[in-house]
There are 2 protein chains.
Amino acid sequence: MKNRNFIVQGDICWSKDPQTLETRAGAFLVCAGGKSAGVFSRLPEQYAAFPLIDYSGRLIIPGLADLHAHAPQFAFRGLGMDLELLDWLEIRAFPEEAKYRDLQYARRAYGLLAGHLKRGPNTRLVIFATVHTPATLLLMDLLEESGLVSLAGKVNMDRNSPDILREASAAASLAETEEWLDACFSRNNGSGYKNTAPILTPRFIPSCSDELMRGLGELRRKYRLPVQSHLSENKKEIEWVRELCPESESYGAAYDRFGLFGGESPAAPVVMAHCVWSGEKEITLMAGRGVFAAHCPQSNTNLSSGIAPVRRFLEAGVPAGLGSDVAGGAHSSIFRAMVDAIQVSKLRRPLLGLDEKALSLEEAFYLGTAGGGAFFERCGMGRSGSFDPGCDFDALVIDDTDIAAPFELSLRDRLERTVYLSGERHIAAKYARGRKIETAG
Amino acid sequence: MKNRNFIVQGDICWSKDPQTLETRAGAFLVCAGGKSAGVFSRLPEQYAAFPLIDYSGRLIIPGLADLHAHAPQFAFRGLGMDLELLDWLEIRAFPEEAKYRDLQYARRAYGLLAGHLKRGPNTRLVIFATVHTPATLLLMDLLEESGLVSLAGKVNMDRNSPDILREASAAASLAETEEWLDACFSRNNGSGYKNTAPILTPRFIPSCSDELMRGLGELRRKYRLPVQSHLSENKKEIEWVRELCPESESYGAAYDRFGLFGGESPAAPVVMAHCVWSGEKEITLMAGRGVFAAHCPQSNTNLSSGIAPVRRFLEAGVPAGLGSDVAGGAHSSIFRAMVDAIQVSKLRRPLLGLDEKALSLEEAFYLGTAGGGAFFERCGMGRSGSFDPGCDFDALVIDDTDIAAPFELSLRDRLERTVYLSGERHIAAKYARGRKIETAG
């Protein structure tokens, strides 16, 4: 653990809460055993022996968390964006996902993804794989190797899906899921992964039979597993769910029937992507059950879904973070998701006639760091996205010198510019849980 | 002129019309005297003596045109984006613009801008300077040196503006404008600029008195000058213009009263930024007068203005291109404006309930290349944005190898990815009018 005791010095910014950004110029951030020991203007005596890494003049901020992405879709991000959702699934997504039965193809494609993720600003992610167990394990192995912290899921889908992807039956899907979970737990001679964990992944209500959902609910309780899925993304989909589950009073309630919408076990939280059209009843249920909303503004735009009511999530106490939804979103960086979130929130007033405040930079930055980072804490994988003492040491060092200005900028202004204008090349260093991630790879 | 005769070989894409993309793999594009002589699968004998530059495996596309930007706002792009329009103007834009009375400050700030523009994908721009003649000329000198092709304007504003920027009177503003024009025409020992030209720049109706507008209309006729301004950007502004010009039946008509809304002289076209809320009467007037719409989707989002009816512009025959509107938009790249234009067009249906087709990649690419490039032709500065024979040779060479995919991509797919995912580092070479632009500077 020795190499996880050190100090970084630089211009440090992090979220205290959704409205408050903390900034400390030329301060010290201490990493002790892979966790933050706090930010200090003068270095406490007790850390005098820790090696100091001098990042003077650079920004140091928490690592970003991507709460929703599809690993097999990375290969075609930024392609076919003119297609509507159903055509896009049929022409791009499903045929591509089917390729992952071929482990060699998966190795090539997921290898590109892992390299890309290492170079980008995200340190944590919650991600869909495909229905294929070997390729899902391969993805998890690559994520583990990368040093990033992640939750990844073998997808379940046993109805309303193309033959090339649909699992033979609920029983087969559940058996395969248990086999996958066993393999995860027995990885590394039985000690399991260090930075990677399985998450149950029913694709969404329309593609999972009641029997499958019931079985996944049982697996969730048996292993205390977290769950990821899709919720209230677009109006046609919601109509479909209403037809499939006439007894449920909301889309969320359709998950809840099977014990897949949060509640009882704090170690088994749920994250739902999109929530674009979640109404008051669904929002109240999410808040009560601690269900996380993964806001994916770019995907919701690209797929003509709409603009999620993030201001309501914040007011109602729905825990929320940001998602890239690659490849519904073309960009994996959560900096981009912050900008997208702010931008679409500004269209709700002029287009929907709502008297609603747009998201601020502080709020978007919070969502992309501490907001999403809280999901990992709920999963027992350490809190991230903040430098409060006890948080995992996930940090980005940003060299923003070439985003030049002819005048002096405050730290807050430099952070705003970084969010809007930075790219991979501005990431001077990246750490997850106190370990440096090789960004040049 | 010898060095402007050459051939580039690579994977060539350009717009034939808004719906049609031409793609030629491994083809030859001939530059003869700074103009395109066409794209050829086999090189015609007559060009056999021209030197060949081998860009095999790279994309070659027309240079992009930015039809609307504010040079003095570049310094604070990506800052203060949480502010609403009026606060943003008061806190960020006006105080910053006032600094350009100091030529030393202007030199530092415009130097950063010129370097940035050289590295980016745009080869043409239509840009606002400030009210200050010396700084405007300095900007034009720097643009001329850069090799980019541009129209730049000294701003006119004599009412409803802060003291630090408002010109003393209409007469003073007009006298200053003629002085600026004289200086432009007498640059380079009387031969004027080669790639840079003046464009009349009344800020917008609210900040220009009738007397000033009348005088600018006279200058337009006298010198056959093009005009740039703002039109129908947001609802409050439109209300204000209605109060100021009760006799005009639209915002556009308020310009038209003074001969500043296109028409008579083909060499003196008009480009209007935004046109978010242009109604049918205004659109009809624009189409009839050949007034260009500079669609600035990111700015219209950042400033909560709304989403312009670009589909209507295309249908109604309003000539249109894209604008970054830096710093209402944080990004100067017209690739980003293409993506923004597609994305916001996808929100019109779910949010406004319109049965309207979103912009396609082809349409957005057309707007950002040939669409905007047509404005320069109308100004007598050469047509750009296409490789049709006779067009100016404005070209980008894109090395997209690191936007990797685990499968073969068509040229059209590679172009889509370039639009969505490329950055400065992907620009392997850049030409304007057959001259190479130094992108590393």
# chains A, B, ... in the order shown; residues from 1 in each chain; ligands from 1

$ interface_residues --of "chain B" --to "chain A" --cutoff "6 Å" --atoms "only C-alpha atoms" --output "list of chain:residue names"
B:Ala75, B:Gly78, B:Asp82, B:Ala109, B:Thr301, B:Asn302, B:Ser304, B:Gly306, B:Gln343, B:Lys346, B:Leu347, B:Pro350, B:Ser360, B:Ala405, B:Pro406, B:Arg417, B:Tyr420

$ write_last_selection --atoms "N, CA and C atoms" --output "PDB file, in the first residue's frame"
ATOM      1  N   ALA B  75     -11.958  35.631 -26.077  1.00  0.00           N
ATOM      2  CA  ALA B  75     -11.171  35.597 -24.835  1.00  0.00           C
ATOM      3  C   ALA B  75     -11.943  34.988 -23.677  1.00  0.00           C
ATOM      4  N   GLY B  78     -16.615  29.935 -23.123  1.00  0.00           N
ATOM      5  CA  GLY B  78     -16.674  28.917 -22.068  1.00  0.00           C
ATOM      6  C   GLY B  78     -16.640  29.496 -20.676  1.00  0.00           C
ATOM      7  N   ASP B  82     -23.508  30.371 -17.242  1.00  0.00           N
ATOM      8  CA  ASP B  82     -24.726  30.270 -16.428  1.00  0.00           C
ATOM      9  C   ASP B  82     -25.547  31.550 -16.458  1.00  0.00           C
ATOM     10  N   ALA B 109      -4.973  39.528 -27.228  1.00  0.00           N
ATOM     11  CA  ALA B 109      -6.193  38.706 -27.313  1.00  0.00           C
ATOM     12  C   ALA B 109      -6.448  38.223 -28.741  1.00  0.00           C
ATOM     13  N   THR B 301     -28.860  27.752 -27.642  1.00  0.00           N
ATOM     14  CA  THR B 301     -29.082  26.905 -26.474  1.00  0.00           C
ATOM     15  C   THR B 301     -28.496  27.550 -25.226  1.00  0.00           C
ATOM     16  N   ASN B 302     -27.224  27.947 -25.303  1.00  0.00           N
ATOM     17  CA  ASN B 302     -26.555  28.524 -24.135  1.00  0.00           C
ATOM     18  C   ASN B 302     -27.290  29.746 -23.596  1.00  0.00           C
ATOM     19  N   SER B 304     -30.493  30.306 -23.909  1.00  0.00           N
ATOM     20  CA  SER B 304     -31.928  29.984 -23.733  1.00  0.00           C
ATOM     21  C   SER B 304     -32.805  30.675 -24.767  1.00  0.00           C
ATOM     22  N   GLY B 306     -33.766  29.432 -27.936  1.00  0.00           N
ATOM     23  CA  GLY B 306     -34.702  28.506 -28.578  1.00  0.00           C
ATOM     24  C   GLY B 306     -34.001  27.763 -29.705  1.00  0.00           C
ATOM     25  N   GLN B 343     -28.501  17.994 -33.407  1.00  0.00           N
ATOM     26  CA  GLN B 343     -29.074  17.632 -32.103  1.00  0.00           C
ATOM     27  C   GLN B 343     -30.279  18.502 -31.751  1.00  0.00           C
ATOM     28  N   LYS B 346     -33.458  17.702 -33.441  1.00  0.00           N
ATOM     29  CA  LYS B 346     -34.145  16.498 -32.969  1.00  0.00           C
ATOM     30  C   LYS B 346     -35.035  16.758 -31.761  1.00  0.00           C
ATOM     31  N   LEU B 347     -34.892  17.941 -31.161  1.00  0.00           N
ATOM     32  CA  LEU B 347     -35.729  18.262 -30.002  1.00  0.00           C
ATOM     33  C   LEU B 347     -36.992  19.002 -30.397  1.00  0.00           C
ATOM     34  N   PRO B 350     -40.149  16.277 -30.229  1.00  0.00           N
ATOM     35  CA  PRO B 350     -40.686  15.895 -28.915  1.00  0.00           C
ATOM     36  C   PRO B 350     -41.083  17.097 -28.045  1.00  0.00           C
ATOM     37  N   SER B 360     -30.366  16.063 -41.262  1.00  0.00           N
ATOM     38  CA  SER B 360     -29.505  14.898 -41.465  1.00  0.00           C
ATOM     39  C   SER B 360     -28.038  15.331 -41.404  1.00  0.00           C
ATOM     40  N   ALA B 405     -12.288   1.913 -35.166  1.00  0.00           N
ATOM     41  CA  ALA B 405     -13.443   1.011 -35.094  1.00  0.00           C
ATOM     42  C   ALA B 405     -12.957  -0.396 -35.379  1.00  0.00           C
ATOM     43  N   PRO B 406     -13.618  -1.385 -34.784  1.00  0.00           N
ATOM     44  CA  PRO B 406     -13.186  -2.770 -35.025  1.00  0.00           C
ATOM     45  C   PRO B 406     -13.763  -3.336 -36.319  1.00  0.00           C
ATOM     46  N   ARG B 417     -18.297  10.252 -38.266  1.00  0.00           N
ATOM     47  CA  ARG B 417     -17.480  10.178 -37.055  1.00  0.00           C
ATOM     48  C   ARG B 417     -16.581  11.390 -36.891  1.00  0.00           C
ATOM     49  N   TYR B 420     -18.657  14.201 -35.565  1.00  0.00           N
ATOM     50  CA  TYR B 420     -19.034  14.042 -34.161  1.00  0.00           C
ATOM     51  C   TYR B 420     -17.830  14.025 -33.219  1.00  0.00           C
TER      52      TYR B 420
END

$ select_by_dssp --residues "stretch 45-278 of chain A" --states "strand (DSSP E)" --output "number ranges by chain"
A: 52-62, 64-70, 122-128, 149-153, 155-156, 196-198, 201-202, 227-231, 270-274

$ select_by_dssp --residues "stretch 330-375 of chain A" --states "alpha helix (DSSP H)" --output "compact mmCIF listing (two decimals) with C-alpha atoms, in the first residue's frame"
# COMPACT_ATOMS: atom_id res chain seq x y z
CA ILE A 334 -18.67 13.16 -18.56
CA PHE A 335 -17.34 16.71 -19.08
CA ARG A 336 -19.36 16.65 -22.28
CA ALA A 337 -22.36 15.27 -20.39
CA MET A 338 -22.08 18.20 -17.93
CA VAL A 339 -22.20 20.69 -20.81
CA ASP A 340 -25.04 18.81 -22.50
CA ALA A 341 -26.97 18.73 -19.21
CA ILE A 342 -26.63 22.48 -18.74
CA GLN A 343 -27.48 23.19 -22.36
CA VAL A 344 -30.63 21.10 -22.62
CA SER A 345 -31.83 22.43 -19.27
CA ARG A 348 -36.93 23.72 -21.13
CA ARG A 349 -38.02 27.31 -20.45
CA PRO A 350 -38.21 28.69 -24.00
CA LEU A 351 -39.57 25.47 -25.53
CA LEU A 352 -41.76 24.03 -22.81
CA LEU A 361 -22.14 24.73 -13.69
CA GLU A 362 -21.93 23.83 -9.98
CA GLU A 363 -24.93 21.52 -10.26
CA ALA A 364 -23.74 19.81 -13.43
CA PHE A 365 -20.26 19.36 -11.98
CA TYR A 366 -21.77 17.90 -8.83
CA GLY A 372 -22.68 9.74 -9.64
CA GLY A 373 -19.90 8.82 -7.21
CA ALA A 374 -22.47 8.23 -4.47
CA PHE A 375 -23.82 5.23 -6.36

$ residues_around --residues "B:Pro198" --least-positions-apart "5" --cutoff "12 Å" --atoms "only C-alpha atoms" --output "PyMOL selection string"
chain B and resi 125-129+133+136-137+139-141+143-144+149-155+177-185+187+192-193+219-220+223-228+268+379+381

$ residues_around --residues "stretch 276-278 of chain B" --least-positions-apart "5" --cutoff "6 Å" --atoms "only C-alpha atoms" --output "MDAnalysis selection string"
chainID B and resid 232:233 307:308

$ write_last_selection --atoms "N, CA and C atoms" --output "short mmCIF file (atom, residue, chain, number, x, y, z; two decimals), in the first residue's frame"
data_model
loop_
_atom_site.label_atom_id
_atom_site.label_comp_id
_atom_site.auth_asym_id
_atom_site.auth_seq_id
_atom_site.Cartn_x
_atom_site.Cartn_y
_atom_site.Cartn_z
N SER B 232 -33.98 38.42 -34.75
CA SER B 232 -34.99 37.54 -34.11
C SER B 232 -34.35 36.45 -33.26
N GLU B 233 -33.45 36.88 -32.36
CA GLU B 233 -32.73 35.91 -31.54
C GLU B 233 -33.56 35.42 -30.36
N ILE B 307 -34.78 27.22 -30.63
CA ILE B 307 -34.22 26.43 -31.74
C ILE B 307 -34.74 26.98 -33.06
N ALA B 308 -33.83 27.43 -33.91
CA ALA B 308 -34.23 28.07 -35.17
C ALA B 308 -34.87 27.07 -36.13
#

$ residues_around --residues "A:Gly371" --least-positions-apart "4" --cutoff "9 Å" --atoms "only C-alpha atoms" --output "PyMOL selection string"
chain A and resi 17-18+65+319-322+365-367+375+384-385

$ write_last_selection --atoms "all heavy atoms" --output "compact mmCIF listing (two decimals), in the first residue's frame"
# COMPACT_ATOMS: atom_id res chain seq x y z
N ASP A 17 -21.60 20.45 -2.23
CA ASP A 17 -22.98 20.01 -2.43
C ASP A 17 -23.39 20.53 -3.80
O ASP A 17 -22.59 21.21 -4.46
CB ASP A 17 -23.88 20.53 -1.30
CG ASP A 17 -23.87 22.04 -1.19
OD1 ASP A 17 -24.09 22.72 -2.23
OD2 ASP A 17 -23.63 22.57 -0.09
N PRO A 18 -24.61 20.23 -4.26
CA PRO A 18 -24.94 20.60 -5.65
C PRO A 18 -24.76 22.10 -5.94
O PRO A 18 -24.51 22.47 -7.09
CB PRO A 18 -26.42 20.19 -5.77
CG PRO A 18 -26.59 19.07 -4.81
CD PRO A 18 -25.68 19.39 -3.65
N ALA A 65 -17.79 10.28 -12.96
CA ALA A 65 -18.51 9.00 -12.94
C ALA A 65 -19.53 8.96 -14.07
O ALA A 65 -20.38 9.84 -14.19
CB ALA A 65 -19.21 8.82 -11.60
N PRO A 319 -31.60 10.66 -5.97
CA PRO A 319 -30.15 10.70 -6.19
C PRO A 319 -29.88 10.63 -7.70
O PRO A 319 -30.50 9.83 -8.40
CB PRO A 319 -29.63 9.47 -5.46
CG PRO A 319 -30.80 8.57 -5.27
CD PRO A 319 -32.04 9.42 -5.29
N ALA A 320 -28.98 11.48 -8.19
CA ALA A 320 -28.80 11.55 -9.64
C ALA A 320 -27.34 11.75 -10.01
O ALA A 320 -26.56 12.33 -9.24
CB ALA A 320 -29.64 12.69 -10.22
N GLY A 321 -27.00 11.23 -11.17
CA GLY A 321 -25.68 11.44 -11.75
C GLY A 321 -25.84 11.54 -13.26
O GLY A 321 -26.96 11.59 -13.77
N LEU A 322 -24.72 11.57 -13.96
CA LEU A 322 -24.76 11.72 -15.41
C LEU A 322 -24.33 10.43 -16.10
O LEU A 322 -23.52 9.66 -15.57
CB LEU A 322 -23.85 12.86 -15.85
CG LEU A 322 -24.22 14.25 -15.31
CD1 LEU A 322 -23.19 15.28 -15.74
CD2 LEU A 322 -25.62 14.66 -15.79
N PHE A 365 -21.53 19.92 -12.45
CA PHE A 365 -20.26 19.36 -11.98
C PHE A 365 -20.51 18.40 -10.82
O PHE A 365 -19.93 17.31 -10.76
CB PHE A 365 -19.31 20.49 -11.56
CG PHE A 365 -17.94 20.03 -11.18
CD1 PHE A 365 -17.07 19.54 -12.15
CD2 PHE A 365 -17.49 20.08 -9.87
CE1 PHE A 365 -15.79 19.11 -11.81
CE2 PHE A 365 -16.22 19.66 -9.52
CZ PHE A 365 -15.37 19.17 -10.49
N TYR A 366 -21.40 18.78 -9.94
CA TYR A 366 -21.77 17.90 -8.83
C TYR A 366 -22.32 16.57 -9.36
O TYR A 366 -21.93 15.49 -8.92
CB TYR A 366 -22.80 18.59 -7.93
CG TYR A 366 -23.39 17.68 -6.89
CD1 TYR A 366 -22.74 17.49 -5.67
CD2 TYR A 366 -24.57 16.97 -7.13
CE1 TYR A 366 -23.25 16.62 -4.72
CE2 TYR A 366 -25.08 16.10 -6.20
CZ TYR A 366 -24.42 15.92 -4.99
OH TYR A 366 -24.92 15.05 -4.06
N LEU A 367 -23.26 16.66 -10.29
CA LEU A 367 -23.88 15.44 -10.83
C LEU A 367 -22.82 14.51 -11.43
O LEU A 367 -22.88 13.29 -11.23
CB LEU A 367 -24.92 15.79 -11.90
CG LEU A 367 -26.21 16.45 -11.40
CD1 LEU A 367 -27.04 16.95 -12.60
CD2 LEU A 367 -27.04 15.50 -10.55
N PHE A 375 -23.29 6.56 -6.03
CA PHE A 375 -23.82 5.23 -6.36
C PHE A 375 -22.83 4.13 -5.99
O PHE A 375 -23.22 3.07 -5.50
CB PHE A 375 -24.16 5.14 -7.86
CG PHE A 375 -24.84 3.85 -8.24
CD1 PHE A 375 -26.15 3.60 -7.87
CD2 PHE A 375 -24.16 2.87 -8.95
CE1 PHE A 375 -26.79 2.40 -8.20
CE2 PHE A 375 -24.78 1.67 -9.28
CZ PHE A 375 -26.09 1.43 -8.91
N SER A 384 -16.83 8.20 -4.37
CA SER A 384 -15.91 8.94 -5.24
C SER A 384 -16.55 10.26 -5.63
O SER A 384 -17.70 10.54 -5.29
CB SER A 384 -15.57 8.14 -6.49
OG SER A 384 -16.66 8.15 -7.39
N GLY A 385 -15.80 11.09 -6.31
CA GLY A 385 -16.35 12.35 -6.81
C GLY A 385 -16.22 13.50 -5.85
O GLY A 385 -16.80 14.56 -6.07

$ residues_around --residues "A:Phe258" --least-positions-apart "3" --cutoff "12 Å" --atoms "only C-alpha atoms" --output "list in words"
Pro202, Ile205, Cys208, Ser209, Asp210, Glu211, Leu212, Met213, Arg214, Gly215, Leu216, Gly217, Glu218, Leu219, Arg220, Arg221, Val227, Cys245, Ser248, Gly252, Ala253, Ala254, Tyr255, Phe261, Gly262 and Gly263 of chain A

$ residues_around --residues "A:Leu244" --least-positions-apart "2" --cutoff "12 Å" --atoms "only C-alpha atoms" --output "PyMOL selection string"
chain A and resi 159-160+204-210+237-242+246-251+254

$ write_last_selection --atoms "N, CA and C atoms" --output "PDB file, in the first residue's frame"
ATOM      1  N   ARG A 159     -37.385 -11.676 -24.450  1.00  0.00           N
ATOM      2  CA  ARG A 159     -38.579 -11.477 -25.286  1.00  0.00           C
ATOM      3  C   ARG A 159     -38.443 -10.176 -26.073  1.00  0.00           C
ATOM      4  N   ASN A 160     -39.280 -10.039 -27.099  1.00  0.00           N
ATOM      5  CA  ASN A 160     -39.316  -8.820 -27.911  1.00  0.00           C
ATOM      6  C   ASN A 160     -37.926  -8.342 -28.328  1.00  0.00           C
ATOM      7  N   PHE A 204     -34.559  -3.882 -20.448  1.00  0.00           N
ATOM      8  CA  PHE A 204     -35.654  -3.027 -19.987  1.00  0.00           C
ATOM      9  C   PHE A 204     -36.914  -3.865 -20.002  1.00  0.00           C
ATOM     10  N   ILE A 205     -37.974  -3.360 -19.404  1.00  0.00           N
ATOM     11  CA  ILE A 205     -39.208  -4.143 -19.246  1.00  0.00           C
ATOM     12  C   ILE A 205     -39.628  -4.851 -20.541  1.00  0.00           C
ATOM     13  N   PRO A 206     -39.681  -4.145 -21.688  1.00  0.00           N
ATOM     14  CA  PRO A 206     -40.205  -4.828 -22.880  1.00  0.00           C
ATOM     15  C   PRO A 206     -39.414  -6.064 -23.281  1.00  0.00           C
ATOM     16  N   SER A 207     -38.129  -6.150 -22.974  1.00  0.00           N
ATOM     17  CA  SER A 207     -37.363  -7.296 -23.442  1.00  0.00           C
ATOM     18  C   SER A 207     -37.155  -8.361 -22.364  1.00  0.00           C
ATOM     19  N   CYS A 208     -37.855  -8.248 -21.226  1.00  0.00           N
ATOM     20  CA  CYS A 208     -37.706  -9.242 -20.156  1.00  0.00           C
ATOM     21  C   CYS A 208     -39.077  -9.734 -19.703  1.00  0.00           C
ATOM     22  N   SER A 209     -39.277 -11.061 -19.750  1.00  0.00           N
ATOM     23  CA  SER A 209     -40.554 -11.649 -19.327  1.00  0.00           C
ATOM     24  C   SER A 209     -40.713 -11.497 -17.813  1.00  0.00           C
ATOM     25  N   ASP A 210     -41.945 -11.629 -17.364  1.00  0.00           N
ATOM     26  CA  ASP A 210     -42.200 -11.560 -15.918  1.00  0.00           C
ATOM     27  C   ASP A 210     -41.388 -12.614 -15.176  1.00  0.00           C
ATOM     28  N   GLU A 237     -42.142   4.054 -25.950  1.00  0.00           N
ATOM     29  CA  GLU A 237     -41.671   2.976 -25.083  1.00  0.00           C
ATOM     30  C   GLU A 237     -42.561   2.908 -23.830  1.00  0.00           C
ATOM     31  N   ILE A 238     -42.892   4.068 -23.279  1.00  0.00           N
ATOM     32  CA  ILE A 238     -43.705   4.113 -22.058  1.00  0.00           C
ATOM     33  C   ILE A 238     -45.094   3.546 -22.345  1.00  0.00           C
ATOM     34  N   GLU A 239     -45.624   3.871 -23.514  1.00  0.00           N
ATOM     35  CA  GLU A 239     -46.923   3.345 -23.940  1.00  0.00           C
ATOM     36  C   GLU A 239     -46.874   1.811 -24.010  1.00  0.00           C
ATOM     37  N   TRP A 240     -45.783   1.324 -24.546  1.00  0.00           N
ATOM     38  CA  TRP A 240     -45.581  -0.126 -24.684  1.00  0.00           C
ATOM     39  C   TRP A 240     -45.554  -0.804 -23.312  1.00  0.00           C
ATOM     40  N   VAL A 241     -44.804  -0.199 -22.402  1.00  0.00           N
ATOM     41  CA  VAL A 241     -44.719  -0.757 -21.045  1.00  0.00           C
ATOM     42  C   VAL A 241     -46.099  -0.753 -20.395  1.00  0.00           C
ATOM     43  N   ARG A 242     -46.878   0.293 -20.662  1.00  0.00           N
ATOM     44  CA  ARG A 242     -48.232   0.372 -20.100  1.00  0.00           C
ATOM     45  C   ARG A 242     -49.091  -0.804 -20.624  1.00  0.00           C
ATOM     46  N   PRO A 246     -50.269  -3.607 -17.482  1.00  0.00           N
ATOM     47  CA  PRO A 246     -51.410  -2.719 -17.227  1.00  0.00           C
ATOM     48  C   PRO A 246     -51.667  -2.512 -15.738  1.00  0.00           C
ATOM     49  N   GLU A 247     -51.180  -3.420 -14.921  1.00  0.00           N
ATOM     50  CA  GLU A 247     -51.461  -3.316 -13.481  1.00  0.00           C
ATOM     51  C   GLU A 247     -50.518  -2.334 -12.766  1.00  0.00           C
ATOM     52  N   SER A 248     -49.428  -1.917 -13.446  1.00  0.00           N
ATOM     53  CA  SER A 248     -48.459  -1.027 -12.785  1.00  0.00           C
ATOM     54  C   SER A 248     -48.828   0.429 -13.041  1.00  0.00           C
ATOM     55  N   GLU A 249     -48.771   1.242 -12.002  1.00  0.00           N
ATOM     56  CA  GLU A 249     -49.215   2.625 -12.199  1.00  0.00           C
ATOM     57  C   GLU A 249     -48.133   3.542 -12.771  1.00  0.00           C
ATOM     58  N   SER A 250     -46.945   3.004 -12.907  1.00  0.00           N
ATOM     59  CA  SER A 250     -45.897   3.741 -13.628  1.00  0.00           C
ATOM     60  C   SER A 250     -44.907   2.717 -14.170  1.00  0.00           C
ATOM     61  N   TYR A 251     -44.021   3.190 -15.026  1.00  0.00           N
ATOM     62  CA  TYR A 251     -42.965   2.330 -15.572  1.00  0.00           C
ATOM     63  C   TYR A 251     -42.099   1.839 -14.410  1.00  0.00           C
ATOM     64  N   ALA A 254     -43.431  -0.991 -12.562  1.00  0.00           N
ATOM     65  CA  ALA A 254     -43.323  -2.283 -13.252  1.00  0.00           C
ATOM     66  C   ALA A 254     -42.032  -3.006 -12.853  1.00  0.00           C
TER      67      ALA A 254
END

$ atom_distance --atom1 "atom CA of B:Asp400" --atom2 "atom CA of B:Ile60"
10.7 Å
